[in-house]
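One structure is given below, encoded as structure tokens.
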Amino acid sequence: MKITQDYYLIVDLEATCANDHSVPRHRMEIIEIGAVMLNSKTLQLESEYQSFIKPILHPLLTEFCQSLTSISQQDVDAAPLFPDVLQDFQSWFYPFGSYLFCSWGDFDKNQFKQDCRLHNIGYPFSGGHLNLKKAFSAAVNSKRKFGMSGALNKLGLQLEGTHHRGIDDARNIARIVQAIVA
Ligand code: AMP
Ligand code: MG
């Protein structure tokens, strides 16, 4: 769980979705990037990033998606497209230099790859990916897979902010990392 890079770049994405199969997995798109930069030596949060993104394949969010994520149609209508946000996001994290891209499970990494392919732009991260869901199970010596809220629960921590909002999920994941690395 300890890493050699200077920072855990913890990312949590929200994406278009439905509960009636109207948005298949391969047509989901990122609608929010939430990210925090956690210093791997001091375990202090040094910076945060948040942006909404306007999706192009399913520009109208389902009621289900809006209620799951608390992201509104107005939020995404007013947001830039993925390539512009990705450039802005990269200019936020590049100056930190030595980072390891981390997320809860592999969904976020795969969704980044999918949106980069859709927009025909390069994958932004170098240096691999750490699946914190797997790392957490190993750290607590469990064969179980924990959701983020289950992991907080296991640690006796309360979920802070709004679950399924990218920036709040990223902050909560950082609290899990702080607890298991310390
Ligand atoms: P999360 O980081 O857990 O908030 O989930 C990231 C994304 O996965 C969400 O924005 C949705 O696109 C999708 N997702 C999460 N939970 C569900 C669910 N119960 N049903 C459908 N899609 C979901
Ligand atoms: Mg989330």
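Chain labels run A, B, ... following the order of the structure tokens; each chain numbers its residues from 1, and ligands are numbered from 1 in the order shown.
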
List all protein, DNA and RNA residues that have any atom at most 7 Å from ligand 2, counting only C-alpha atoms and all ligand atoms, and write the list as a CSV table (one decimal) with N, CA and C atoms, in the first residue's frame.
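File written: pocket_16.csv
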chain,number,residue,atom,x,y,z
A,12,ASP,N,-12.1,10.0,-8.7
A,12,ASP,CA,-13.4,9.3,-8.7
A,12,ASP,C,-14.3,10.0,-9.8
A,13,LEU,N,-14.8,9.2,-10.7
A,13,LEU,CA,-15.6,9.7,-11.9
A,13,LEU,C,-17.1,9.4,-11.6
A,14,GLU,N,-17.9,10.2,-12.1
A,14,GLU,CA,-19.3,9.9,-12.3
A,14,GLU,C,-19.6,9.9,-13.8
A,163,HIS,N,-22.6,10.9,-1.3
A,163,HIS,CA,-22.1,9.7,-2.0
A,163,HIS,C,-22.5,9.8,-3.5
A,164,HIS,N,-21.6,9.3,-4.3
A,164,HIS,CA,-21.8,9.3,-5.8
A,164,HIS,C,-21.7,10.7,-6.3
A,165,ARG,N,-21.0,11.6,-5.6
A,165,ARG,CA,-20.5,12.8,-6.2
A,165,ARG,C,-19.0,12.7,-6.3
A,166,GLY,N,-18.4,12.8,-7.5
A,166,GLY,CA,-17.0,12.5,-7.7
A,166,GLY,C,-16.1,13.2,-6.7
A,169,ASP,N,-16.7,11.6,-3.2
A,169,ASP,CA,-16.1,10.2,-3.2
A,169,ASP,C,-14.6,10.2,-3.1

Practice task
With only C-alpha atoms and all ligand atoms counted, collect every polymer residue having an atom within 10 Å of ligand 1; state the result as a VMD selection string.
Solution key: chain A and resid 11 to 21 23 25 28 to 32 34 64 to 66 68 to 71 103 to 105 107 to 108 111 147 to 149 162 to 170

Write the residues you've just listed into a file as a CSV table (one decimal), in the first residue's frame, and include N, CA and C atoms for each of them.
chain,number,residue,atom,x,y,z
A,11,VAL,N,-8.7,9.5,-7.9
A,11,VAL,CA,-9.7,10.0,-8.9
A,11,VAL,C,-11.0,9.3,-8.7
A,12,ASP,N,-12.1,10.0,-8.7
A,12,ASP,CA,-13.4,9.3,-8.7
A,12,ASP,C,-14.3,10.0,-9.8
A,13,LEU,N,-14.8,9.2,-10.7
A,13,LEU,CA,-15.6,9.7,-11.9
A,13,LEU,C,-17.1,9.4,-11.6
A,14,GLU,N,-17.9,10.2,-12.1
A,14,GLU,CA,-19.3,9.9,-12.3
A,14,GLU,C,-19.6,9.9,-13.8
A,15,ALA,N,-20.5,9.1,-14.2
A,15,ALA,CA,-20.8,8.8,-15.6
A,15,ALA,C,-22.3,8.7,-15.9
A,16,THR,N,-22.6,8.9,-17.2
A,16,THR,CA,-24.0,8.7,-17.6
A,16,THR,C,-24.4,7.2,-17.3
A,17,CYS,N,-25.6,7.0,-16.9
A,17,CYS,CA,-26.1,5.7,-16.6
A,17,CYS,C,-27.6,5.6,-16.6
A,18,ALA,N,-28.1,4.4,-16.5
A,18,ALA,CA,-29.5,4.2,-16.5
A,18,ALA,C,-29.8,2.9,-15.7
A,19,ASN,N,-31.1,2.8,-15.3
A,19,ASN,CA,-31.5,1.5,-14.6
A,19,ASN,C,-32.4,0.7,-15.5
A,20,ASP,N,-32.4,1.0,-16.8
A,20,ASP,CA,-33.3,0.3,-17.8
A,20,ASP,C,-32.5,-0.2,-19.0
A,21,HIS,N,-31.2,-0.3,-18.9
A,21,HIS,CA,-30.3,-0.7,-20.0
A,21,HIS,C,-30.3,0.3,-21.2
A,23,VAL,N,-28.5,3.0,-21.4
A,23,VAL,CA,-27.2,3.5,-21.5
A,23,VAL,C,-26.2,2.3,-21.3
A,25,ARG,N,-22.9,-0.2,-21.1
A,25,ARG,CA,-21.6,0.1,-20.6
A,25,ARG,C,-20.7,0.9,-21.6
A,28,MET,N,-21.4,4.6,-21.9
A,28,MET,CA,-21.3,5.5,-20.7
A,28,MET,C,-20.2,6.5,-21.0
A,29,GLU,N,-20.4,7.7,-20.4
A,29,GLU,CA,-19.4,8.8,-20.6
A,29,GLU,C,-19.3,9.5,-19.2
A,30,ILE,N,-18.1,10.0,-19.0
A,30,ILE,CA,-17.8,10.8,-17.8
A,30,ILE,C,-18.6,12.1,-17.7
A,31,ILE,N,-19.2,12.3,-16.6
A,31,ILE,CA,-19.9,13.6,-16.4
A,31,ILE,C,-19.3,14.4,-15.3
A,32,GLU,N,-18.5,13.8,-14.4
A,32,GLU,CA,-17.8,14.5,-13.4
A,32,GLU,C,-16.4,13.9,-13.1
A,34,GLY,N,-13.8,14.1,-10.1
A,34,GLY,CA,-13.4,14.6,-8.8
A,34,GLY,C,-12.0,14.0,-8.5
A,64,PHE,N,-32.8,8.6,-13.2
A,64,PHE,CA,-32.0,7.7,-12.4
A,64,PHE,C,-30.6,8.2,-12.1
A,65,CYS,N,-29.9,8.7,-13.2
A,65,CYS,CA,-28.6,9.2,-13.1
A,65,CYS,C,-28.5,10.5,-12.2
A,66,GLN,N,-29.5,11.3,-12.5
A,66,GLN,CA,-29.5,12.6,-11.7
A,66,GLN,C,-29.8,12.3,-10.2
A,68,LEU,N,-29.1,9.4,-8.6
A,68,LEU,CA,-28.0,8.7,-8.1
A,68,LEU,C,-26.9,9.6,-7.7
A,69,THR,N,-26.5,10.5,-8.7
A,69,THR,CA,-25.3,11.3,-8.5
A,69,THR,C,-25.6,12.7,-8.0
A,70,SER,N,-26.8,13.2,-7.9
A,70,SER,CA,-27.2,14.5,-7.6
A,70,SER,C,-26.6,15.5,-8.6
A,71,ILE,N,-26.2,15.1,-9.7
A,71,ILE,CA,-25.7,16.0,-10.8
A,71,ILE,C,-26.9,16.3,-11.7
A,103,SER,N,-7.8,4.6,-7.9
A,103,SER,CA,-9.2,4.7,-7.8
A,103,SER,C,-9.8,3.5,-7.1
A,104,TRP,N,-11.0,3.6,-6.7
A,104,TRP,CA,-11.7,2.5,-6.0
A,104,TRP,C,-12.2,1.6,-7.1
A,105,GLY,N,-11.5,0.5,-7.4
A,105,GLY,CA,-11.8,-0.4,-8.4
A,105,GLY,C,-11.2,0.0,-9.8
A,107,PHE,N,-13.1,0.7,-12.5
A,107,PHE,CA,-14.1,1.4,-13.4
A,107,PHE,C,-13.5,2.7,-13.9
A,108,ASP,N,-12.9,3.5,-13.0
A,108,ASP,CA,-12.5,4.8,-13.4
A,108,ASP,C,-11.4,4.8,-14.4
A,111,GLN,N,-13.1,3.7,-17.7
A,111,GLN,CA,-13.9,4.8,-18.2
A,111,GLN,C,-13.1,5.9,-18.9
A,147,GLY,N,-17.3,-2.0,-1.1
A,147,GLY,CA,-17.6,-0.7,-1.7
A,147,GLY,C,-17.0,0.4,-0.9
A,148,MET,N,-17.0,1.6,-1.4
A,148,MET,CA,-16.3,2.7,-0.6
A,148,MET,C,-17.0,2.9,0.7
A,149,SER,N,-18.4,2.8,0.7
A,149,SER,CA,-19.1,3.1,2.0
A,149,SER,C,-18.9,1.9,3.0
A,162,THR,N,-21.7,14.0,-0.1
A,162,THR,CA,-22.7,13.3,-0.9
A,162,THR,C,-22.1,12.1,-1.6
A,163,HIS,N,-22.6,10.9,-1.3
A,163,HIS,CA,-22.1,9.7,-2.0
A,163,HIS,C,-22.5,9.8,-3.5
A,164,HIS,N,-21.6,9.3,-4.3
A,164,HIS,CA,-21.8,9.3,-5.8
A,164,HIS,C,-21.7,10.7,-6.3
A,165,ARG,N,-21.0,11.6,-5.6
A,165,ARG,CA,-20.5,12.8,-6.2
A,165,ARG,C,-19.0,12.7,-6.3
A,166,GLY,N,-18.4,12.8,-7.5
A,166,GLY,CA,-17.0,12.5,-7.7
A,166,GLY,C,-16.1,13.2,-6.7
A,167,ILE,N,-16.3,14.4,-6.4
A,167,ILE,CA,-15.3,15.1,-5.5
A,167,ILE,C,-15.5,14.6,-4.1
A,168,ASP,N,-16.7,14.4,-3.6
A,168,ASP,CA,-16.9,13.8,-2.3
A,168,ASP,C,-16.4,12.4,-2.2
A,169,ASP,N,-16.7,11.6,-3.2
A,169,ASP,CA,-16.1,10.2,-3.2
A,169,ASP,C,-14.6,10.2,-3.1
A,170,ALA,N,-14.0,11.1,-3.9
A,170,ALA,CA,-12.5,11.2,-3.9
A,170,ALA,C,-12.0,11.5,-2.5

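Of the residues under consideration (A:Leu81, A:Ala139, A:Val36, A:Asn120), A:Ala139 shows the shortest atom-to-atom contact distance to A:Ala182 when counting only C-alpha atoms.
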
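Residues of stretch 82-173 of chain A carrying a DSSP assignment of strand (DSSP E), computed from the backbone, are A:Tyr99, A:Leu100, A:Phe101, A:Cys102, A:Ser103, A:His129, A:Leu130, A:Asn131.
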
Practice task
Extract, using only C-alpha atoms, all DNA, RNA and protein residues at most 12 Å from A:Asn131, discarding same-chain residues fewer than 3 positions from it, and format them as a PyMOL selection string.
Solution key: chain A and resi 1+8-12+100-110+128+134-138+145+173+177

Practice task
Write out as a list of chain:residue names all residues of stretch 92-161 of chain A that backbone DSSP assigns to alpha helix (DSSP H).
Solution key: A:Trp92, A:Phe93, A:Phe107, A:Asp108, A:Lys109, A:Asn110, A:Gln111, A:Phe112, A:Lys113, A:Gln114, A:Asp115, A:Cys116, A:Arg117, A:Leu118, A:Leu132, A:Lys133, A:Lys134, A:Ala135, A:Phe136, A:Ser137, A:Ala138, A:Ala139, A:Met148, A:Ser149, A:Gly150, A:Ala151, A:Leu152, A:Asn153, A:Lys154

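Comparing A:Gln50, A:Thr62, A:Ser40, A:Gln158 by their smallest distance to A:Thr4, the closest is A:Ser40 (using only C-alpha atoms).
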
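Summary of the local environment: counting only C-alpha atoms, residues at most 10 Å from A:Asn39, other than itself and those fewer than 2 positions away along its chain, are Gln5, Asp6, Tyr7, Tyr8, Leu9, Val36, Met37, Lys41, Thr42, Leu43, Gln44, Leu45, Glu46, Ser47, Phe96, Tyr99 and Gln178 of chain A.
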
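Comparing A:Phe52, A:Trp92, A:Phe112, A:Phe82 by their smallest distance to A:His26, the closest is A:Phe112 (using only C-alpha atoms).
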
Exercise for the section: Can you pull out every residue within 7 Å of A:Phe146, counting only C-alpha atoms, but drop anything in the same chain fewer than 4 positions away, and send it as number ranges by chain? Expected result: A: 133, 150-151

Output of the above residues as a PDB file, in the first residue's frame, restricted to all heavy atoms:
ATOM      1  N   LYS A 133      -9.552  -0.661  -4.164  1.00  0.00           N
ATOM      2  CA  LYS A 133     -10.496  -1.647  -3.623  1.00  0.00           C
ATOM      3  C   LYS A 133      -9.736  -2.935  -3.285  1.00  0.00           C
ATOM      4  O   LYS A 133      -9.898  -3.502  -2.202  1.00  0.00           O
ATOM      5  CB  LYS A 133     -11.597  -1.928  -4.660  1.00  0.00           C
ATOM      6  CG  LYS A 133     -12.703  -2.818  -4.149  1.00  0.00           C
ATOM      7  CD  LYS A 133     -13.657  -3.215  -5.262  1.00  0.00           C
ATOM      8  CE  LYS A 133     -14.629  -2.095  -5.569  1.00  0.00           C
ATOM      9  NZ  LYS A 133     -15.757  -2.561  -6.414  1.00  0.00           N
ATOM     10  N   GLY A 150     -18.761   0.685   2.420  1.00  0.00           N
ATOM     11  CA  GLY A 150     -18.466  -0.476   3.258  1.00  0.00           C
ATOM     12  C   GLY A 150     -17.086  -0.390   3.880  1.00  0.00           C
ATOM     13  O   GLY A 150     -16.883  -0.784   5.039  1.00  0.00           O
ATOM     14  N   ALA A 151     -16.139   0.137   3.117  1.00  0.00           N
ATOM     15  CA  ALA A 151     -14.766   0.293   3.636  1.00  0.00           C
ATOM     16  C   ALA A 151     -14.733   1.343   4.746  1.00  0.00           C
ATOM     17  O   ALA A 151     -14.098   1.132   5.791  1.00  0.00           O
ATOM     18  CB  ALA A 151     -13.822   0.676   2.504  1.00  0.00           C
TER      19      ALA A 151
END

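Atom to atom, atom CA of A:Arg175 and atom CA of A:Gly127 stand 22.9 Å apart.
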
Handout entry: Closest of A:Leu61, A:Leu157, A:Leu86, A:Val76 to A:Tyr49 - atom-to-atom distances counting only C-alpha atoms
Key = A:Leu86

Practice task
Can you work out the spacing between atom CA of A:Gln114 and atom CA of A:Asp75 in Å, to one decimal?
Solution key: 21.9 Å
